[in-house]
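So this one's my_file01.cif, mmCIF, C-alpha atoms:
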```cif
data_data
loop_
_atom_site.group_PDB
_atom_site.id
_atom_site.type_symbol
_atom_site.label_atom_id
_atom_site.label_comp_id
_atom_site.auth_asym_id
_atom_site.auth_seq_id
_atom_site.Cartn_x
_atom_site.Cartn_y
_atom_site.Cartn_z
ATOM 1 C CA MET T 278 0.000 0.000 0.000
ATOM 2 C CA ARG T 279 1.360 3.390 -0.980
ATOM 3 C CA LEU T 280 0.894 6.247 1.464
ATOM 4 C CA THR T 281 1.238 9.979 0.827
ATOM 5 C CA ILE T 282 0.985 12.569 3.592
ATOM 6 C CA THR T 283 0.944 16.213 2.521
ATOM 7 C CA GLY T 284 0.273 19.544 4.172
ATOM 8 C CA LYS T 285 -1.595 22.514 2.756
ATOM 9 C CA HIS T 286 -0.474 25.812 4.242
ATOM 10 C CA VAL T 287 0.838 24.017 7.326
ATOM 11 C CA ASP T 288 4.082 22.293 8.263
ATOM 12 C CA ILE T 289 3.701 18.687 9.319
ATOM 13 C CA THR T 290 5.935 17.444 12.097
ATOM 14 C CA ARG T 291 7.530 14.038 12.093
ATOM 15 C CA ALA T 292 5.335 12.968 15.030
ATOM 16 C CA VAL T 293 2.144 13.823 13.107
ATOM 17 C CA LYS T 294 3.394 11.955 10.023
ATOM 18 C CA GLU T 295 4.229 8.877 12.061
ATOM 19 C CA TYR T 296 0.882 9.020 13.867
ATOM 20 C CA ALA T 297 -1.074 9.291 10.605
ATOM 21 C CA GLN T 298 0.978 6.490 9.071
ATOM 22 C CA LYS T 299 0.343 4.256 12.072
ATOM 23 C CA LYS T 300 -3.416 4.877 11.975
ATOM 24 C CA VAL T 301 -3.799 4.498 8.219
ATOM 25 C CA SER T 302 -1.651 1.359 8.020
ATOM 26 C CA ASN T 303 -4.500 -0.632 9.633
ATOM 27 C CA LEU T 304 -6.948 0.047 6.776
ATOM 28 C CA PRO T 305 -6.033 -3.012 4.634
ATOM 29 C CA LYS T 306 -7.169 -5.113 7.579
ATOM 30 C CA TYR T 307 -10.746 -4.077 6.740
ATOM 31 C CA TYR T 308 -10.494 -4.102 2.942
ATOM 32 C CA ASP T 309 -7.703 -6.018 1.207
ATOM 33 C CA SER T 310 -7.768 -4.243 -2.127
ATOM 34 C CA ILE T 311 -6.764 -0.787 -0.822
ATOM 35 C CA ASN T 312 -3.595 0.104 -2.692
ATOM 36 C CA TYR T 313 -3.160 3.871 -2.219
ATOM 37 C CA VAL T 314 -3.970 6.233 0.655
ATOM 38 C CA GLU T 315 -3.489 9.996 0.615
ATOM 39 C CA VAL T 316 -3.689 12.094 3.785
ATOM 40 C CA VAL T 317 -3.981 15.861 3.317
ATOM 41 C CA ILE T 318 -3.613 18.021 6.423
ATOM 42 C CA GLY T 319 -4.506 21.661 6.002
ATOM 43 C CA ALA T 320 -5.016 24.816 7.984
ATOM 44 C CA GLY T 321 -8.685 25.719 8.241
ATOM 45 C CA ARG T 322 -10.531 28.768 9.459
ATOM 46 C CA ALA T 323 -10.528 30.029 13.046
ATOM 47 C CA GLY T 324 -7.461 28.010 13.958
ATOM 48 C CA ASN T 325 -9.002 24.689 12.959
ATOM 49 C CA VAL T 326 -7.056 21.956 11.249
ATOM 50 C CA SER T 327 -8.663 19.953 8.471
ATOM 51 C CA VAL T 328 -7.754 16.398 7.569
ATOM 52 C CA GLU T 329 -8.824 14.711 4.357
ATOM 53 C CA ILE T 330 -8.126 11.036 3.757
ATOM 54 C CA ILE T 331 -8.562 9.559 0.299
ATOM 55 C CA ALA T 332 -8.276 5.774 0.027
ATOM 56 C CA ARG T 333 -8.200 4.208 -3.425
ATOM 57 C CA ALA T 334 -8.891 0.540 -3.970
ATOM 58 C CA GLU T 335 -8.988 -1.761 -6.955
ATOM 59 C CA HIS T 336 -11.728 -1.403 -9.561
ATOM 60 C CA ARG T 337 -11.954 2.400 -9.165
ATOM 61 C CA LYS T 338 -13.326 2.308 -5.640
ATOM 62 C CA VAL T 339 -12.583 5.546 -3.805
ATOM 63 C CA PHE T 340 -13.309 6.362 -0.167
ATOM 64 C CA VAL T 341 -13.102 10.029 0.912
ATOM 65 C CA VAL T 342 -13.359 11.445 4.432
ATOM 66 C CA LYS T 343 -13.006 15.040 5.634
ATOM 67 C CA GLU T 344 -12.717 16.186 9.234
ATOM 68 C CA ALA T 345 -11.984 19.525 10.914
ATOM 69 C CA ASP T 346 -11.106 20.200 14.565
ATOM 70 C CA LYS T 347 -8.740 22.171 16.776
ATOM 71 C CA GLU T 348 -6.341 19.235 17.317
ATOM 72 C CA VAL T 349 -4.579 17.366 14.537
ATOM 73 C CA TYR T 350 -4.502 14.043 16.367
ATOM 74 C CA ARG T 351 -8.226 14.119 17.115
ATOM 75 C CA CYS T 352 -8.906 14.953 13.458
ATOM 76 C CA ILE T 353 -6.851 11.995 12.290
ATOM 77 C CA ASP T 354 -8.548 9.643 14.758
ATOM 78 C CA THR T 355 -12.046 10.756 13.768
ATOM 79 C CA ALA T 356 -11.297 10.670 10.044
ATOM 80 C CA VAL T 357 -9.823 7.164 10.240
ATOM 81 C CA HIS T 358 -12.832 6.013 12.270
ATOM 82 C CA LYS T 359 -15.230 7.403 9.634
ATOM 83 C CA LEU T 360 -13.193 5.791 6.869
ATOM 84 C CA GLU T 361 -13.277 2.428 8.624
ATOM 85 C CA GLY T 362 -17.067 2.750 8.789
ATOM 86 C CA GLN T 363 -17.294 3.465 5.057
ATOM 87 C CA ILE T 364 -15.031 0.533 4.245
ATOM 88 C CA LYS T 365 -16.938 -1.878 6.512
ATOM 89 C CA LYS T 366 -20.235 -0.800 4.952
ATOM 90 C CA LYS T 367 -18.904 -1.334 1.416
ATOM 91 C CA LYS T 368 -17.440 -4.711 2.340
ATOM 92 C CA SER T 369 -20.694 -5.910 3.916
ATOM 93 C CA LYS T 370 -22.676 -4.798 0.839
ATOM 94 C CA GLU T 371 -20.307 -6.718 -1.426
ATOM 95 C CA ARG T 372 -20.518 -9.787 0.790
ATOM 96 C CA ASP T 373 -24.332 -9.658 0.966
ATOM 97 C CA ASN T 374 -24.671 -9.273 -2.808
ATOM 98 C CA LYS T 375 -22.747 -12.505 -3.346
ATOM 99 C CA ARG T 376 -25.209 -14.428 -1.195
ATOM 100 C CA THR T 377 -28.290 -14.082 -3.319
ATOM 101 C CA GLY T 378 -30.727 -16.948 -3.023
ATOM 102 C CA GLY T 379 -30.039 -20.593 -3.413
ATOM 103 C CA ALA T 380 -31.994 -23.292 -5.109
ATOM 104 C CA LYS T 381 -35.522 -22.121 -5.691
ATOM 105 C CA SER T 382 -38.309 -24.477 -4.763
ATOM 106 C CA VAL T 383 -41.103 -24.840 -7.250
#
```
In structure tokens, write the structure found in this file.
Amino acid sequence: MRLTITGKHVDITRAVKEYAQKKVSNLPKYYDSINYVEVVIGAGRAGNVSVEIIARAEHRKVFVVKEADKEVYRCIDTAVHKLEGQIKKKKSKERDNKRTGGAKSV
């Protein structure tokens, strides 16, 4: 899995990069076909920090999450949690669609 962490109008410290990398590295556990994750950390209004995580999987599946808060770490945690929810929902839909009916009784 490739990972890109960038900052828009804000400098990212090594600790924040490592924290984001640690949190995002667990995503393939929920969905195997994730092959690229991009984390964009930006300065928002009124001193807020915004975090956007874009996860790309095989077959053009894209998961996007945006979060804004005063603390960077809380933003990353919340965004990753939302992304996990999206991925779990997609995975359960795919799994349920494969289990359509069995032998029909006449």
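Atom pair CA of Glu329 in chain T / CA of Val341 in chain T has a distance of 7.2 Å (rounded to one decimal).
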Write out as a PDB file with C-alpha atoms, in the frame of the given file each polymer residue whose atoms come within 10 Å of range 308-321 of chain T, counting only C-alpha atoms; drop sequence neighbours fewer than 2 positions from it.
```pdb
ATOM      1  CA  MET T 278       0.000   0.000   0.000  1.00  0.00           C
ATOM      2  CA  ARG T 279       1.360   3.390  -0.980  1.00  0.00           C
ATOM      3  CA  LEU T 280       0.894   6.247   1.464  1.00  0.00           C
ATOM      4  CA  THR T 281       1.238   9.979   0.827  1.00  0.00           C
ATOM      5  CA  ILE T 282       0.985  12.569   3.592  1.00  0.00           C
ATOM      6  CA  THR T 283       0.944  16.213   2.521  1.00  0.00           C
ATOM      7  CA  GLY T 284       0.273  19.544   4.172  1.00  0.00           C
ATOM      8  CA  LYS T 285      -1.595  22.514   2.756  1.00  0.00           C
ATOM      9  CA  HIS T 286      -0.474  25.812   4.242  1.00  0.00           C
ATOM     10  CA  VAL T 287       0.838  24.017   7.326  1.00  0.00           C
ATOM     11  CA  ASP T 288       4.082  22.293   8.263  1.00  0.00           C
ATOM     12  CA  ILE T 289       3.701  18.687   9.319  1.00  0.00           C
ATOM     13  CA  VAL T 293       2.144  13.823  13.107  1.00  0.00           C
ATOM     14  CA  LYS T 294       3.394  11.955  10.023  1.00  0.00           C
ATOM     15  CA  ALA T 297      -1.074   9.291  10.605  1.00  0.00           C
ATOM     16  CA  GLN T 298       0.978   6.490   9.071  1.00  0.00           C
ATOM     17  CA  VAL T 301      -3.799   4.498   8.219  1.00  0.00           C
ATOM     18  CA  SER T 302      -1.651   1.359   8.020  1.00  0.00           C
ATOM     19  CA  ASN T 303      -4.500  -0.632   9.633  1.00  0.00           C
ATOM     20  CA  LEU T 304      -6.948   0.047   6.776  1.00  0.00           C
ATOM     21  CA  PRO T 305      -6.033  -3.012   4.634  1.00  0.00           C
ATOM     22  CA  LYS T 306      -7.169  -5.113   7.579  1.00  0.00           C
ATOM     23  CA  ALA T 323     -10.528  30.029  13.046  1.00  0.00           C
ATOM     24  CA  GLY T 324      -7.461  28.010  13.958  1.00  0.00           C
ATOM     25  CA  ASN T 325      -9.002  24.689  12.959  1.00  0.00           C
ATOM     26  CA  VAL T 326      -7.056  21.956  11.249  1.00  0.00           C
ATOM     27  CA  SER T 327      -8.663  19.953   8.471  1.00  0.00           C
ATOM     28  CA  VAL T 328      -7.754  16.398   7.569  1.00  0.00           C
ATOM     29  CA  GLU T 329      -8.824  14.711   4.357  1.00  0.00           C
ATOM     30  CA  ILE T 330      -8.126  11.036   3.757  1.00  0.00           C
ATOM     31  CA  ILE T 331      -8.562   9.559   0.299  1.00  0.00           C
ATOM     32  CA  ALA T 332      -8.276   5.774   0.027  1.00  0.00           C
ATOM     33  CA  ARG T 333      -8.200   4.208  -3.425  1.00  0.00           C
ATOM     34  CA  ALA T 334      -8.891   0.540  -3.970  1.00  0.00           C
ATOM     35  CA  GLU T 335      -8.988  -1.761  -6.955  1.00  0.00           C
ATOM     36  CA  HIS T 336     -11.728  -1.403  -9.561  1.00  0.00           C
ATOM     37  CA  LYS T 338     -13.326   2.308  -5.640  1.00  0.00           C
ATOM     38  CA  VAL T 339     -12.583   5.546  -3.805  1.00  0.00           C
ATOM     39  CA  PHE T 340     -13.309   6.362  -0.167  1.00  0.00           C
ATOM     40  CA  VAL T 341     -13.102  10.029   0.912  1.00  0.00           C
ATOM     41  CA  VAL T 342     -13.359  11.445   4.432  1.00  0.00           C
ATOM     42  CA  LYS T 343     -13.006  15.040   5.634  1.00  0.00           C
ATOM     43  CA  GLU T 344     -12.717  16.186   9.234  1.00  0.00           C
ATOM     44  CA  ALA T 345     -11.984  19.525  10.914  1.00  0.00           C
ATOM     45  CA  ASP T 346     -11.106  20.200  14.565  1.00  0.00           C
ATOM     46  CA  LYS T 347      -8.740  22.171  16.776  1.00  0.00           C
ATOM     47  CA  VAL T 349      -4.579  17.366  14.537  1.00  0.00           C
ATOM     48  CA  CYS T 352      -8.906  14.953  13.458  1.00  0.00           C
ATOM     49  CA  ILE T 353      -6.851  11.995  12.290  1.00  0.00           C
ATOM     50  CA  ALA T 356     -11.297  10.670  10.044  1.00  0.00           C
ATOM     51  CA  GLU T 361     -13.277   2.428   8.624  1.00  0.00           C
ATOM     52  CA  ILE T 364     -15.031   0.533   4.245  1.00  0.00           C
ATOM     53  CA  LYS T 365     -16.938  -1.878   6.512  1.00  0.00           C
ATOM     54  CA  LYS T 367     -18.904  -1.334   1.416  1.00  0.00           C
ATOM     55  CA  LYS T 368     -17.440  -4.711   2.340  1.00  0.00           C
TER      56      LYS T 368
END
```
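Take CA of Arg372 in chain T and CA of His358 in chain T: the distance between them is 21.0 Å.
CA of Ala292 in chain T is positioned 24.9 Å from CA of Tyr307 in chain T.
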Range 295-309 of chain T, all listed atoms, 6 Å padding on each side: what axis-aligned box centre and edge lengths in Å to one decimal come out, as AutoDock Vina command-line options?
```
--center_x -3.3 --center_y 1.6 --center_z 7.5 --size_x 27.0 --size_y 27.3 --size_z 24.7
```
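Residue nearest Leu360 in chain T within the list T:Arg322, T:Thr290, T:Lys300, T:Arg337: T:Lys300 [criterion: smallest interatomic distance, only C-alpha atoms].
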